Amino acid sequence: MQTIINHIKKHKLKTAILLVLLVLYYFSLPKQLFNDPTATVIETKDGTLLGAKIAADGQWRFPKSDSVPEKFKQSLLFFEDAHFYSHPGFNPVSIAKALITNIKAGKVVRGGSTLTQQVIRLSRKNKNRTYFEKAIEIILATRLELRYSKNEILNLYASHAPFGGNVVGLDMASWRYFGIHPHQLSWAESATLAVLPNAPSLIYPGKNQEKLLAKRNKLLKKLLENAIIDSLTYQLAIVEALPKKPFPLPQKASHFLEYIAKTQQGKRVKTTLDAQLQDNVVAIVKKHHETLLQNEIHNAGVLVMDVNTRHVLAYVGNTPTDRNHQKDVDVISAPRSTGSILKPFLYAAMLDSGELLPNTLVADVPTQIAGYSPENFEETYDGAVPAKRALARSLNVPAVRLLKSYGLERFRDQLDFFNLRDINRSANHYGLSLILGGAESNLWDLCKTYAALAGTVNHYTETSSEYFTHEFTEPITTINSNTDFGNRSREKITFDAGSIYLTFEAMKEVNRPEGEQAWEFFDSSKEIAWKTGTSFGNRDGWAIGVTPKYVVGVWVGNADGEGRPNLTGVGSAAPILFDVFDVLPNAPWFRKPFDELTEAEVCINSGHLATDICPKTTTWIPITGQRTPPCPYHQLVHLDTQKQFRVNTSCEALDTMEPVSWFVLPPLMEYYYKSNNAQYRSLPPYRSDCFSEGQATMDFIYPKENGRVILPKDFDGTTNELVLKLAHSKPELTVFWYVDAIFVGQTQTFHEMAILPKTGKHLITVVDELGNQLIQAIEVER
């Protein structure tokens, strides 16, 4: 040690120069050799290529791979650098031979470079081949050998070598010239690619085939001579044909690729997509697109998610249409009118809040609320319908009336919890049409919400009746991302598991579109909770299906917003939905969350909590449902001995009266209900000798309150009359009709009155013989 110290003191200048040279040598190699932009590549978790997007500089250059296939490695070493594993970065013998050859030729005809030197030259953008540049390459090559292992250097070469045209790197060359993964290359294919970087501008597939074939076979011969391959492999390899033209890259999920590239451009991303399922869904969309084209419907999207992991399993962002019909638009993320797809959220919210039971009757009658008049798709009314049946049939009027009852602001605030990003305006902006498609959302957000609701039930039944605080999380698209459901909690996060379960039970009962007697798409062997939606003007068709394992979402329409006749969720999107479920494994139905449900007696006819006087049945309801009001539609009436008329003490003795529980609906509900329910019986009238008790009730069927009425004309120019209609709880009573306080007539039993009013505003007044009065304001136009 002392000797070294003394030598340093004696030769300070030389030591200083040596230290400077060592420092320069240490820092001579850039920290990152290659800064070239790379393609965005998406794969499945097992490495199956789904698609790639060209690099920003127009080169097909994949991100650096993890390893070099053995066949390509052996081919490359025997063609370029047989002593690669033994030299320090340069080969003095090769350099000497090259120097002698170049001197004799009077120009540079041979390089003598090792693979390590070639990596350096590639990183320096292939500068002119001068002796000075060669010296720099040698120095940097030795430094490269100190930083990286031999296999890492090989990997750098394989990832950045030119393979002709704009093809860079082994991965891209393998797909471009042979249409397969590099690890699937044969010996002949590996040898072909090994010789290409030697002269990529001169020899590449489709050009100079004879020179390329000679180089390849010469390399294969060398591999045989060195016992790398046997004679049979050699004989088979030399008869393999050369590639004639480039193969197109797989593009199995082009819109998903663009989605990934937004945040991970230039990276190789292992995604959650299932290659086989993606292929199946692409084929399904293509098949249905051919049918949809007959109605000039050009676009559709499908999203499939795993409920338990929230992994996106299939992502088809559009049909195989053309640029004129927006084939590049990703309809999965595009905001579109929601139609009826939000209705299950309202149903679950009201079950959860204890304001509704599954079979509670809700009114389905002509309705006008603050000037808004919703109508059912079929423009008919049921009078009254069980809540879950209204959801299953996607009836609009009951949905609007329920939203009014629940509270528009309240429901709008709950939607914020789901992070539906396109529903970003106030409740007043949307109004009650919010529940019928007055707002816009996208397939991504809607599917993740349905998945979260399904996950809520799954987690609750799989744990000790607990919820997770981050149940409503974003879907996962890459396998290196983990789903964080947060901490367990005894408190519900939004709707309780029982309410969600009962909502899915109601959605499972959807078995045909309203008005269709033969529903060919529903497979009753599969238990699926599903909901469709159709926007105003037939611009959007939705279908979302849920099982404990999967969520499938479908949107169908035209990306430019053009509506088409017969474009509906049930007719256009649902067939795709069920075809996708057909290629998914069947899953058992949701387990019942008993701790959030209770058995209760409800009236068979009304679905309300049972009273002592109504026929009862036992059913499961949310625990909160126990605070809903008892049935208001059953009343105890007294009949005569023949049970034909009502009686009271004014005409019948108490001991001869027959007390009977009677199901009675309000007049307007009754008017429509009894036309669809043959078993419904109106209250019998009082016997003629009885004094009538109880107040009669009545309601207008037409026109609606503050409604505008247009009187059409016949072909001869005659103006048609306006027919006024009234529902009365005691139709046998006489009703007197007035228009603007002027008597126009009277009716009995069938309360309809034809009038021909002048243009303008009018007051319609009706008075029955008991003195009950009803007034309706209308405006007449011609």
# chains A, B, ... in the order shown; residues from 1 in each chain; ligands from 1
>>> residues_around(residues="stretch 431-434 of chain A", least_positions_apart="2", cutoff="9 Å", atoms="only C-alpha atoms", output="JSON, numbers by chain")
{"A": [338, 339, 342, 369, 372, 374, 400, 401, 403, 404, 408, 412, 426, 427, 428, 429, 436, 437, 438, 439]}
>>> write_last_selection(atoms="C-alpha atoms", output="compact mmCIF listing (two decimals), in the first residue's frame")
# COMPACT_ATOMS: atom_id res chain seq x y z
CA THR A 338 -79.29 6.89 -21.25
CA GLY A 339 -82.87 5.99 -22.17
CA LEU A 342 -80.99 4.31 -14.96
CA ILE A 369 -96.23 17.21 -13.83
CA TYR A 372 -94.07 17.47 -18.42
CA PRO A 374 -94.30 11.26 -19.92
CA VAL A 400 -91.48 9.36 -13.55
CA ARG A 401 -94.10 9.24 -10.80
CA LEU A 403 -88.92 9.78 -9.19
CA LYS A 404 -91.29 12.62 -8.30
CA LEU A 408 -85.40 14.54 -8.08
CA ARG A 412 -79.49 13.24 -8.68
CA SER A 426 -77.95 20.04 -11.77
CA ALA A 427 -81.23 18.27 -11.09
CA ASN A 428 -83.13 21.29 -12.40
CA HIS A 429 -81.30 21.03 -15.72
CA LEU A 436 -86.09 8.47 -19.16
CA GLY A 437 -82.88 9.51 -20.93
CA GLY A 438 -82.75 13.22 -20.24
CA ALA A 439 -79.11 12.78 -19.19
>>> atom_distance(atom1="atom CA of A:Lys270", atom2="atom CA of A:Lys45")
5.3 Å
>>> residues_around(residues="A:Leu49", least_positions_apart="3", cutoff="9 Å", atoms="only C-alpha atoms", output="PyMOL selection string")
chain A and resi 41-44+52+181+249-252+275
>>> write_last_selection(atoms="N, CA and C atoms", output="PDB file, in the first residue's frame")
ATOM      1  N   VAL A  41     -47.937  -1.270 -27.438  1.00  0.00           N
ATOM      2  CA  VAL A  41     -48.250  -2.676 -27.695  1.00  0.00           C
ATOM      3  C   VAL A  41     -49.139  -3.193 -26.570  1.00  0.00           C
ATOM      4  N   ILE A  42     -50.238  -3.830 -26.937  1.00  0.00           N
ATOM      5  CA  ILE A  42     -51.089  -4.448 -25.913  1.00  0.00           C
ATOM      6  C   ILE A  42     -51.126  -5.961 -26.129  1.00  0.00           C
ATOM      7  N   GLU A  43     -51.013  -6.671 -25.024  1.00  0.00           N
ATOM      8  CA  GLU A  43     -51.001  -8.130 -25.038  1.00  0.00           C
ATOM      9  C   GLU A  43     -51.937  -8.648 -23.951  1.00  0.00           C
ATOM     10  N   THR A  44     -52.261  -9.932 -24.041  1.00  0.00           N
ATOM     11  CA  THR A  44     -52.947 -10.589 -22.934  1.00  0.00           C
ATOM     12  C   THR A  44     -51.909 -10.962 -21.890  1.00  0.00           C
ATOM     13  N   ALA A  52     -51.095  -3.148 -31.860  1.00  0.00           N
ATOM     14  CA  ALA A  52     -49.993  -2.218 -31.654  1.00  0.00           C
ATOM     15  C   ALA A  52     -50.253  -0.941 -32.432  1.00  0.00           C
ATOM     16  N   HIS A 181     -45.419 -14.807 -32.953  1.00  0.00           N
ATOM     17  CA  HIS A 181     -44.588 -14.340 -31.847  1.00  0.00           C
ATOM     18  C   HIS A 181     -43.152 -14.806 -32.058  1.00  0.00           C
ATOM     19  N   LEU A 249     -50.448  -6.654 -38.804  1.00  0.00           N
ATOM     20  CA  LEU A 249     -50.396  -6.916 -37.361  1.00  0.00           C
ATOM     21  C   LEU A 249     -51.786  -7.271 -36.841  1.00  0.00           C
ATOM     22  N   PRO A 250     -51.873  -8.117 -35.836  1.00  0.00           N
ATOM     23  CA  PRO A 250     -53.178  -8.357 -35.205  1.00  0.00           C
ATOM     24  C   PRO A 250     -53.733  -7.038 -34.668  1.00  0.00           C
ATOM     25  N   GLN A 251     -54.997  -6.789 -34.942  1.00  0.00           N
ATOM     26  CA  GLN A 251     -55.680  -5.606 -34.393  1.00  0.00           C
ATOM     27  C   GLN A 251     -57.012  -6.077 -33.839  1.00  0.00           C
ATOM     28  N   LYS A 252     -56.943  -6.811 -32.753  1.00  0.00           N
ATOM     29  CA  LYS A 252     -58.138  -7.413 -32.174  1.00  0.00           C
ATOM     30  C   LYS A 252     -58.903  -6.462 -31.267  1.00  0.00           C
ATOM     31  N   ALA A 275     -58.139 -13.150 -24.824  1.00  0.00           N
ATOM     32  CA  ALA A 275     -57.999 -13.173 -26.279  1.00  0.00           C
ATOM     33  C   ALA A 275     -59.139 -13.928 -26.959  1.00  0.00           C
TER      34      ALA A 275
END
>>> closest_residue(among="A:Val709, A:Leu122, A:Ala158, A:Val304", to="A:Ser67", atoms="only C-alpha atoms")
A:Ala158
>>> atom_distance(atom1="atom CA of A:Lys150", atom2="atom CA of A:Tyr85")
6.7 Å
>>> closest_residue(among="A:Ala559, A:Val570, A:Ile604, A:Met698", to="A:Ala334", atoms="only C-alpha atoms")
A:Ala559
>>> select_by_dssp(residues="stretch 507-642 of chain A", states="strand (DSSP E or B)", output="PyMOL selection string")
chain A and resi 529-534+540-546+550-557+597-603+609+616-622+630+634-639
>>> write_last_selection(atoms="C-alpha atoms", output="CSV table (one decimal), in the first residue's frame")
chain,number,residue,atom,x,y,z
A,529,ALA,CA,-80.5,-9.6,-14.6
A,530,TRP,CA,-80.8,-7.3,-17.6
A,531,LYS,CA,-82.1,-3.9,-18.6
A,532,THR,CA,-82.6,-2.2,-21.9
A,533,GLY,CA,-83.0,1.4,-22.8
A,534,THR,CA,-84.0,3.4,-25.9
A,540,ASP,CA,-79.6,4.9,-28.8
A,541,GLY,CA,-80.2,1.3,-28.0
A,542,TRP,CA,-78.8,0.0,-24.7
A,543,ALA,CA,-78.7,-3.4,-23.0
A,544,ILE,CA,-76.8,-4.2,-19.9
A,545,GLY,CA,-76.8,-7.7,-18.3
A,546,VAL,CA,-75.5,-8.8,-14.9
A,550,TYR,CA,-70.0,-10.9,-15.4
A,551,VAL,CA,-71.4,-7.6,-16.6
A,552,VAL,CA,-72.0,-7.2,-20.3
A,553,GLY,CA,-72.9,-3.8,-21.7
A,554,VAL,CA,-74.0,-3.1,-25.3
A,555,TRP,CA,-74.8,0.2,-27.1
A,556,VAL,CA,-76.2,0.3,-30.6
A,557,GLY,CA,-76.9,3.3,-32.8
A,597,LEU,CA,-83.9,-9.1,4.2
A,598,THR,CA,-86.9,-10.1,6.2
A,599,GLU,CA,-90.0,-12.1,5.5
A,600,ALA,CA,-93.2,-10.1,5.6
A,601,GLU,CA,-96.9,-10.5,4.8
A,602,VAL,CA,-98.1,-8.4,2.0
A,603,CYS,CA,-101.4,-8.0,0.2
A,609,LEU,CA,-97.8,-4.5,3.8
A,616,LYS,CA,-102.0,-12.1,2.1
A,617,THR,CA,-98.9,-13.8,1.0
A,618,THR,CA,-95.4,-14.0,2.5
A,619,THR,CA,-92.5,-12.6,0.6
A,620,TRP,CA,-88.9,-11.2,1.2
A,621,ILE,CA,-88.6,-7.5,1.5
A,622,PRO,CA,-85.7,-5.2,2.6
A,630,PRO,CA,-100.1,-0.6,5.0
A,634,HIS,CA,-108.5,-2.7,0.6
A,635,GLN,CA,-111.7,-1.7,2.4
A,636,LEU,CA,-114.3,-3.6,4.3
A,637,VAL,CA,-117.7,-3.4,2.6
A,638,HIS,CA,-121.1,-4.9,3.5
A,639,LEU,CA,-123.1,-6.8,1.0
>>> residues_around(residues="A:Asn772", least_positions_apart="6", cutoff="12 Å", atoms="only C-alpha atoms", output="number ranges by chain")
A: 694-699, 728-730, 733-736, 765-766
>>> write_last_selection(atoms="N, CA, C and O atoms", output="compact mmCIF listing (two decimals), in the first residue's frame")
# COMPACT_ATOMS: atom_id res chain seq x y z
N GLY A 694 -120.68 7.72 2.13
CA GLY A 694 -119.32 7.80 1.57
C GLY A 694 -119.28 8.74 0.38
O GLY A 694 -120.22 8.84 -0.40
N GLN A 695 -118.20 9.49 0.24
CA GLN A 695 -118.08 10.48 -0.83
C GLN A 695 -117.61 9.82 -2.11
O GLN A 695 -116.69 9.02 -2.11
N ALA A 696 -118.28 10.14 -3.19
CA ALA A 696 -117.86 9.63 -4.48
C ALA A 696 -116.62 10.40 -4.96
O ALA A 696 -116.42 11.56 -4.61
N THR A 697 -115.80 9.74 -5.77
CA THR A 697 -114.60 10.39 -6.31
C THR A 697 -114.61 10.24 -7.83
O THR A 697 -115.16 9.30 -8.38
N MET A 698 -113.99 11.20 -8.47
CA MET A 698 -113.91 11.17 -9.94
C MET A 698 -112.63 11.87 -10.38
O MET A 698 -112.03 12.64 -9.63
N ASP A 699 -112.23 11.57 -11.64
CA ASP A 699 -111.02 12.17 -12.19
C ASP A 699 -111.12 12.20 -13.70
O ASP A 699 -111.77 11.33 -14.30
N HIS A 728 -115.38 7.79 -12.81
CA HIS A 728 -116.15 8.05 -11.60
C HIS A 728 -116.23 6.78 -10.77
O HIS A 728 -116.45 5.69 -11.30
N SER A 729 -116.05 6.94 -9.46
CA SER A 729 -116.10 5.77 -8.59
C SER A 729 -117.52 5.19 -8.50
O SER A 729 -117.71 4.03 -8.15
N LYS A 730 -118.52 6.02 -8.82
CA LYS A 730 -119.90 5.55 -8.86
C LYS A 730 -120.48 5.92 -10.23
O LYS A 730 -121.18 6.92 -10.39
N LEU A 733 -124.04 7.29 -11.09
CA LEU A 733 -124.50 8.64 -10.78
C LEU A 733 -124.52 9.51 -12.04
O LEU A 733 -123.71 9.33 -12.94
N THR A 734 -125.44 10.47 -12.06
CA THR A 734 -125.51 11.41 -13.17
C THR A 734 -124.45 12.50 -12.97
O THR A 734 -124.26 13.01 -11.87
N VAL A 735 -123.75 12.83 -14.08
CA VAL A 735 -122.72 13.87 -14.06
C VAL A 735 -123.14 14.99 -15.00
O VAL A 735 -123.56 14.74 -16.15
N PHE A 736 -123.04 16.23 -14.53
CA PHE A 736 -123.42 17.40 -15.30
C PHE A 736 -122.15 18.12 -15.79
O PHE A 736 -121.23 18.38 -15.01
N THR A 765 -115.89 22.01 -16.23
CA THR A 765 -116.37 21.73 -14.89
C THR A 765 -117.37 20.58 -14.95
O THR A 765 -118.24 20.55 -15.82
N VAL A 766 -117.21 19.62 -14.02
CA VAL A 766 -118.18 18.52 -13.91
C VAL A 766 -118.70 18.48 -12.48
O VAL A 766 -117.94 18.68 -11.52
>>> atom_distance(atom1="atom CA of A:Pro731", atom2="atom CA of A:Phe743")
19.8 Å
>>> closest_atom_pairs(of="stretch 254-275 of chain A", to="stretch 319-330 of chain A", cutoff="9 Å", atoms="only C-alpha atoms", output="Markdown table")
| residue | atom | partner | partner_atom | distance |
| --- | --- | --- | --- | --- |
| A:Ser254 | CA | A:Asp328 | CA | 8.7 |
| A:His255 | CA | A:Asp330 | CA | 5.9 |
| A:Phe256 | CA | A:Asp330 | CA | 8.4 |
| A:Glu258 | CA | A:Asp330 | CA | 8.8 |
| A:Tyr259 | CA | A:Asp330 | CA | 8.7 |
>>> closest_residue(among="A:Glu658, A:Glu721, A:Glu474, A:Glu80", to="A:Cys447", atoms="only C-alpha atoms")
A:Glu474
>>> decode(residues="stretch 394-417 of chain A", atoms="C-alpha atoms", output="PDB file, in the first residue's frame")
ATOM      1  CA  SER A 394     -89.567  -0.442 -18.465  1.00  0.00           C
ATOM      2  CA  LEU A 395     -92.755   1.584 -18.157  1.00  0.00           C
ATOM      3  CA  ASN A 396     -92.044   5.302 -18.303  1.00  0.00           C
ATOM      4  CA  VAL A 397     -95.016   6.805 -16.478  1.00  0.00           C
ATOM      5  CA  PRO A 398     -94.538   4.800 -13.243  1.00  0.00           C
ATOM      6  CA  ALA A 399     -90.811   5.625 -13.319  1.00  0.00           C
ATOM      7  CA  VAL A 400     -91.476   9.362 -13.550  1.00  0.00           C
ATOM      8  CA  ARG A 401     -94.098   9.239 -10.804  1.00  0.00           C
ATOM      9  CA  LEU A 402     -91.703   7.266  -8.563  1.00  0.00           C
ATOM     10  CA  LEU A 403     -88.917   9.784  -9.193  1.00  0.00           C
ATOM     11  CA  LYS A 404     -91.285  12.619  -8.298  1.00  0.00           C
ATOM     12  CA  SER A 405     -92.209  10.784  -5.109  1.00  0.00           C
ATOM     13  CA  TYR A 406     -88.601   9.945  -4.194  1.00  0.00           C
ATOM     14  CA  GLY A 407     -87.240  13.396  -4.969  1.00  0.00           C
ATOM     15  CA  LEU A 408     -85.401  14.537  -8.083  1.00  0.00           C
ATOM     16  CA  GLU A 409     -82.620  16.326  -6.170  1.00  0.00           C
ATOM     17  CA  ARG A 410     -82.170  13.364  -3.874  1.00  0.00           C
ATOM     18  CA  PHE A 411     -81.786  10.898  -6.736  1.00  0.00           C
ATOM     19  CA  ARG A 412     -79.488  13.243  -8.678  1.00  0.00           C
ATOM     20  CA  ASP A 413     -77.195  13.495  -5.653  1.00  0.00           C
ATOM     21  CA  GLN A 414     -77.004   9.704  -5.383  1.00  0.00           C
ATOM     22  CA  LEU A 415     -75.901   9.420  -9.006  1.00  0.00           C
ATOM     23  CA  ASP A 416     -72.819  11.484  -8.103  1.00  0.00           C
ATOM     24  CA  PHE A 417     -71.700   8.627  -5.867  1.00  0.00           C
TER      25      PHE A 417
END
